[in-house]
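**Q** There's a structure below that I have some questions on.
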Amino acid sequence: MQSNLVIFPNAGAAKNSTQTEEITITNYDRAEEQFIELLAMEDLDTKLALNPAKASEFEHTLSMAISAAYGNDRSDEQAHRFLQRILYRINRLKLFWYDDLQNYTNERSLYLSSCRDQIEAAWQQWELAQLDVDALQQLDVKQALIERASADLNPPLSESSRYIREEMSEAGYRHLLAIGSFDGLVEASHLSRIMGGAANEVQCTLMRVLIEEYGNGRLSRKHSTFFAQMLAEFGMNTEPEAYFDLVPWEVLASTNYNFLVTERKRYFLRYSGGLTYFEVAGPAIYKNYLVAAQRLLLSEVAVGYWELHIREDERHGRWMLDDVALSLAERYPNDAWELLVGYDLQKRMSDRAGTAVVRSIREAE
């Protein structure tokens with residue numbers, strides 16, 4: 001397996017690395033390799049019940065990482081990366097990748113579920129502690145949603161946005177595509193997992209969004225196809241997860257969060273609030289990428305995904321606000337504040353991921 005640490009040429013950083021940090025990173029690498037072996041082990045739960053020592057080194061590192069990431073005033077970046085990679089390797093079993101069926105042999109493993117729950121419990125407590133949930137519970141939810149959506153539809157340009165628009169090179173653009181492919185090639189997979197149940201207007205609106213994301217059932221029009229075409233334009237790998245080792249932990253965290261809130265229907269309002277933010281804010285983010293591509297004089301194929309998303313997400317944002325979020329606020333007046341938790345948490349995680357992507361691009365350049 002490739003190392004879970006992406007190393008860019010940086011003499012200054014190398015000089016500042018300590019022996020302790022290097023040993024810790026090596027421990028995380030080794031623990032992840034062991035976990036990959038556990039994932040592939042036939043009848044994992046039974047074998048671990050007979051020989052618990054098989055997972056002892058991994059479990060020790062897992063416990064150490066949780067403390068390092070969520071138990072200290074200053075979080076350990078490598079601990080975050082390790083935990084989010086482990087969590088993703090468990091979560092991805094909820095999707096079908098059209099590969100060897102044996103890869104799913106442990107998809108319902110109680111051991112894997114316990115590892116997931118252990119990480120999620122500490123991680124979500126850490127994430128929520130950075131929101132003022134009590135204050136959100138006191139707001140007029142519908143008015144707060146309308147105000148948030150209005151502000152996020154056309155936000156002022158951040159430092160990261162200006163860098164992408166004005167400075168990022170073509171090499172940086174390719175690096176952006178590599179990281180973006182992690183989500184872009186399997187787009188809307190999380191949304192598909194929230195569908196089903198009693199028929200109503202909210203469900204139908206979500207289905208309309210899903211159908212458009214899937215190109216109305218035509219692979220040639222599916223959004224992920226447009227992303228694959230952008231990659232192919234640069235001769236890059238179009239297979240999902242091809243650039244997994246480039247993905248910052250902040251991006252992995254956003255993906256793992258979507259697995260969590262679609263897995264548990266108790267978080268339906270939180271997911272709906274988060275998706276509302278994502279669809280409302282999407283066009284402004286994609287416009288940054290489009291402006292950068294136009295400055296670099298790239299072809300229409302190299303920007304097709306951004307143009308499609310700008311056009312469709314403007315519509316999806318209105319649908320999500322008017323027909324999903326505001327409707328759910330009326331339907332669940334006592335729990336409607338959870339829509340705001342979902343919206344604000346998704347915004348925070350998306351901003352954090354965006355900053356990490358730009359940092360990675362700068363280092364790559």
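In the structure tokens, each chain is lettered A, B, ... as it comes, each chain's residues begin at 1, and ligands are numbered from 1 in order of appearance.
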Within 10 Å of Arg92 of chain A, counting only C-alpha atoms, which residues show up once you throw out same-chain ones fewer than 2 positions away? Write them as a list in words, please.

**A**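 Surrounding residues, per the criterion: Leu87, Tyr88, Arg89, Ile90, Lys94, Leu95, Phe96, Trp97, Tyr104, Glu107, Thr255, Asn256 and Phe259 of chain A.
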
**Q** Now that the selection is made, can you save its residues with N, CA, C and O atoms as a compact mmCIF listing (two decimals), in the first residue's frame?

**A**
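Written output follows (out-v1.txt):
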# COMPACT_ATOMS: atom_id res chain seq x y z
N LEU A 87 -11.89 5.31 8.94
CA LEU A 87 -13.34 5.45 8.90
C LEU A 87 -13.86 5.34 7.48
O LEU A 87 -14.88 4.67 7.22
N TYR A 88 -13.16 5.94 6.54
CA TYR A 88 -13.60 5.85 5.14
C TYR A 88 -13.52 4.42 4.62
O TYR A 88 -14.42 3.96 3.89
N ARG A 89 -12.49 3.69 4.99
CA ARG A 89 -12.36 2.31 4.51
C ARG A 89 -13.52 1.45 5.01
O ARG A 89 -13.92 0.50 4.35
N ILE A 90 -14.04 1.78 6.17
CA ILE A 90 -15.22 1.07 6.67
C ILE A 90 -16.47 1.55 5.94
O ILE A 90 -17.29 0.75 5.46
N LYS A 94 -20.42 0.56 2.22
CA LYS A 94 -21.85 0.82 2.04
C LYS A 94 -22.20 1.11 0.58
O LYS A 94 -23.37 1.13 0.22
N LEU A 95 -21.19 1.35 -0.24
CA LEU A 95 -21.39 1.58 -1.67
C LEU A 95 -20.89 0.37 -2.46
O LEU A 95 -20.03 -0.37 -1.98
N PHE A 96 -21.41 0.20 -3.66
CA PHE A 96 -20.98 -0.92 -4.51
C PHE A 96 -20.06 -0.37 -5.59
O PHE A 96 -20.41 0.56 -6.31
N TRP A 97 -18.88 -0.96 -5.71
CA TRP A 97 -17.83 -0.44 -6.57
C TRP A 97 -17.64 -1.27 -7.84
O TRP A 97 -16.69 -1.06 -8.59
N TYR A 104 -16.51 -7.47 -0.15
CA TYR A 104 -17.60 -7.07 0.74
C TYR A 104 -17.90 -8.12 1.80
O TYR A 104 -18.93 -8.07 2.47
N GLU A 107 -18.79 -6.62 5.23
CA GLU A 107 -19.54 -5.36 5.24
C GLU A 107 -20.47 -5.23 6.45
O GLU A 107 -20.82 -4.12 6.85
N THR A 255 -16.68 13.70 3.68
CA THR A 255 -17.28 12.51 3.09
C THR A 255 -17.78 11.55 4.16
O THR A 255 -18.90 11.03 4.08
N ASN A 256 -16.97 11.33 5.19
CA ASN A 256 -17.39 10.43 6.27
C ASN A 256 -18.59 10.97 7.03
O ASN A 256 -19.44 10.21 7.51
N PHE A 259 -21.62 9.99 5.16
CA PHE A 259 -21.96 8.58 5.44
C PHE A 259 -22.73 8.49 6.75
O PHE A 259 -23.72 7.77 6.86

**Q** Please produce, as JSON lines, a per-residue contact table for segment 196-260 of chain A versus segment 120-123 of chain A (criterion: any atom at most 10 Å away, only C-alpha atoms considered), showing the nearest atom pair and its distance in Å to one decimal, sorted by chain then residue number.

**A**
{"residue": "A:Ala253", "atom": "CA", "partner": "A:Trp123", "partner_atom": "CA", "distance": 9.4}
{"residue": "A:Asn256", "atom": "CA", "partner": "A:Glu120", "partner_atom": "CA", "distance": 9.2}
{"residue": "A:Tyr257", "atom": "CA", "partner": "A:Glu120", "partner_atom": "CA", "distance": 8.9}
{"residue": "A:Leu260", "atom": "CA", "partner": "A:Glu120", "partner_atom": "CA", "distance": 8.2}

**Q** Could you tell me how far atom CA of Gln78 of chain A sits from atom CA of Ser56 of chain A, in Å to one decimal place?

**A**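 According to the coordinates, atom CA of Ser56 of chain A and atom CA of Gln78 of chain A are separated by 20.2 Å.
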
**Q** List the neighbours of Asp313 of chain A out to 9 Å using only C-alpha atoms; skip same-chain residues closer than 2 positions along the sequence, and give me the result as a list in words.

**A**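 Answer for this query is Phe278, Glu279, Val280, Ala281, Gly282, Pro283, Leu308, His309, Ile310, Arg311, Arg315, His316, Gly317 and Arg318 of chain A.
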
**Q** One decimal, in Å: what's the spacing between atom CA of His175 of chain A and atom CA of Arg352 of chain A?

**A**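 Those two atoms sit 17.7 Å apart.
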
**Q** Excluding same-chain residues fewer than 4 positions from Asp132 of chain A, what lies within 12 Å of it counting only C-alpha atoms, as a list of chain:residue names?

**A**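 Selected residues are A:Glu127, A:Leu128, A:Leu136, A:Gln137, A:Gln138, A:Leu139, A:Trp337, A:Leu340, A:Val341, A:Asp344, A:Leu345.
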
**Q** With N, CA, C and O atoms kept, could you save the residues just selected as a PDB file, in the first residue's frame?

**A**
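Output (out_11.pdb):
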ATOM      1  N   GLU A 127     -16.518  17.796  16.860  1.00  0.00           N
ATOM      2  CA  GLU A 127     -17.070  18.695  15.847  1.00  0.00           C
ATOM      3  C   GLU A 127     -18.176  19.574  16.439  1.00  0.00           C
ATOM      4  O   GLU A 127     -18.194  20.796  16.248  1.00  0.00           O
ATOM      5  N   LEU A 128     -19.104  18.958  17.145  1.00  0.00           N
ATOM      6  CA  LEU A 128     -20.254  19.700  17.673  1.00  0.00           C
ATOM      7  C   LEU A 128     -19.843  20.690  18.760  1.00  0.00           C
ATOM      8  O   LEU A 128     -20.518  21.710  18.962  1.00  0.00           O
ATOM      9  N   LEU A 136     -28.305  28.102  18.541  1.00  0.00           N
ATOM     10  CA  LEU A 136     -29.066  27.720  17.356  1.00  0.00           C
ATOM     11  C   LEU A 136     -30.493  27.320  17.722  1.00  0.00           C
ATOM     12  O   LEU A 136     -31.438  27.558  16.955  1.00  0.00           O
ATOM     13  N   GLN A 137     -30.664  26.736  18.884  1.00  0.00           N
ATOM     14  CA  GLN A 137     -31.995  26.301  19.312  1.00  0.00           C
ATOM     15  C   GLN A 137     -32.924  27.474  19.620  1.00  0.00           C
ATOM     16  O   GLN A 137     -34.138  27.297  19.696  1.00  0.00           O
ATOM     17  N   GLN A 138     -32.361  28.652  19.787  1.00  0.00           N
ATOM     18  CA  GLN A 138     -33.169  29.820  20.129  1.00  0.00           C
ATOM     19  C   GLN A 138     -33.592  30.630  18.904  1.00  0.00           C
ATOM     20  O   GLN A 138     -34.374  31.573  19.026  1.00  0.00           O
ATOM     21  N   LEU A 139     -33.098  30.271  17.722  1.00  0.00           N
ATOM     22  CA  LEU A 139     -33.345  31.073  16.520  1.00  0.00           C
ATOM     23  C   LEU A 139     -34.681  30.738  15.866  1.00  0.00           C
ATOM     24  O   LEU A 139     -35.237  29.650  16.052  1.00  0.00           O
ATOM     25  N   TRP A 337     -34.330  23.108  14.646  1.00  0.00           N
ATOM     26  CA  TRP A 337     -32.995  23.654  14.880  1.00  0.00           C
ATOM     27  C   TRP A 337     -31.903  22.721  14.357  1.00  0.00           C
ATOM     28  O   TRP A 337     -30.782  23.157  14.058  1.00  0.00           O
ATOM     29  N   LEU A 340     -30.375  23.739  11.198  1.00  0.00           N
ATOM     30  CA  LEU A 340     -29.313  24.740  11.318  1.00  0.00           C
ATOM     31  C   LEU A 340     -27.997  24.105  11.743  1.00  0.00           C
ATOM     32  O   LEU A 340     -26.924  24.513  11.283  1.00  0.00           O
ATOM     33  N   VAL A 341     -28.071  23.112  12.615  1.00  0.00           N
ATOM     34  CA  VAL A 341     -26.856  22.387  12.994  1.00  0.00           C
ATOM     35  C   VAL A 341     -26.238  21.752  11.755  1.00  0.00           C
ATOM     36  O   VAL A 341     -25.027  21.852  11.514  1.00  0.00           O
ATOM     37  N   ASP A 344     -24.835  24.612   9.389  1.00  0.00           N
ATOM     38  CA  ASP A 344     -23.620  25.264   9.882  1.00  0.00           C
ATOM     39  C   ASP A 344     -22.446  24.291   9.956  1.00  0.00           C
ATOM     40  O   ASP A 344     -21.299  24.673   9.683  1.00  0.00           O
ATOM     41  N   LEU A 345     -22.735  23.045  10.326  1.00  0.00           N
ATOM     42  CA  LEU A 345     -21.654  22.072  10.420  1.00  0.00           C
ATOM     43  C   LEU A 345     -21.106  21.738   9.031  1.00  0.00           C
ATOM     44  O   LEU A 345     -19.891  21.637   8.845  1.00  0.00           O
TER      45      LEU A 345
END
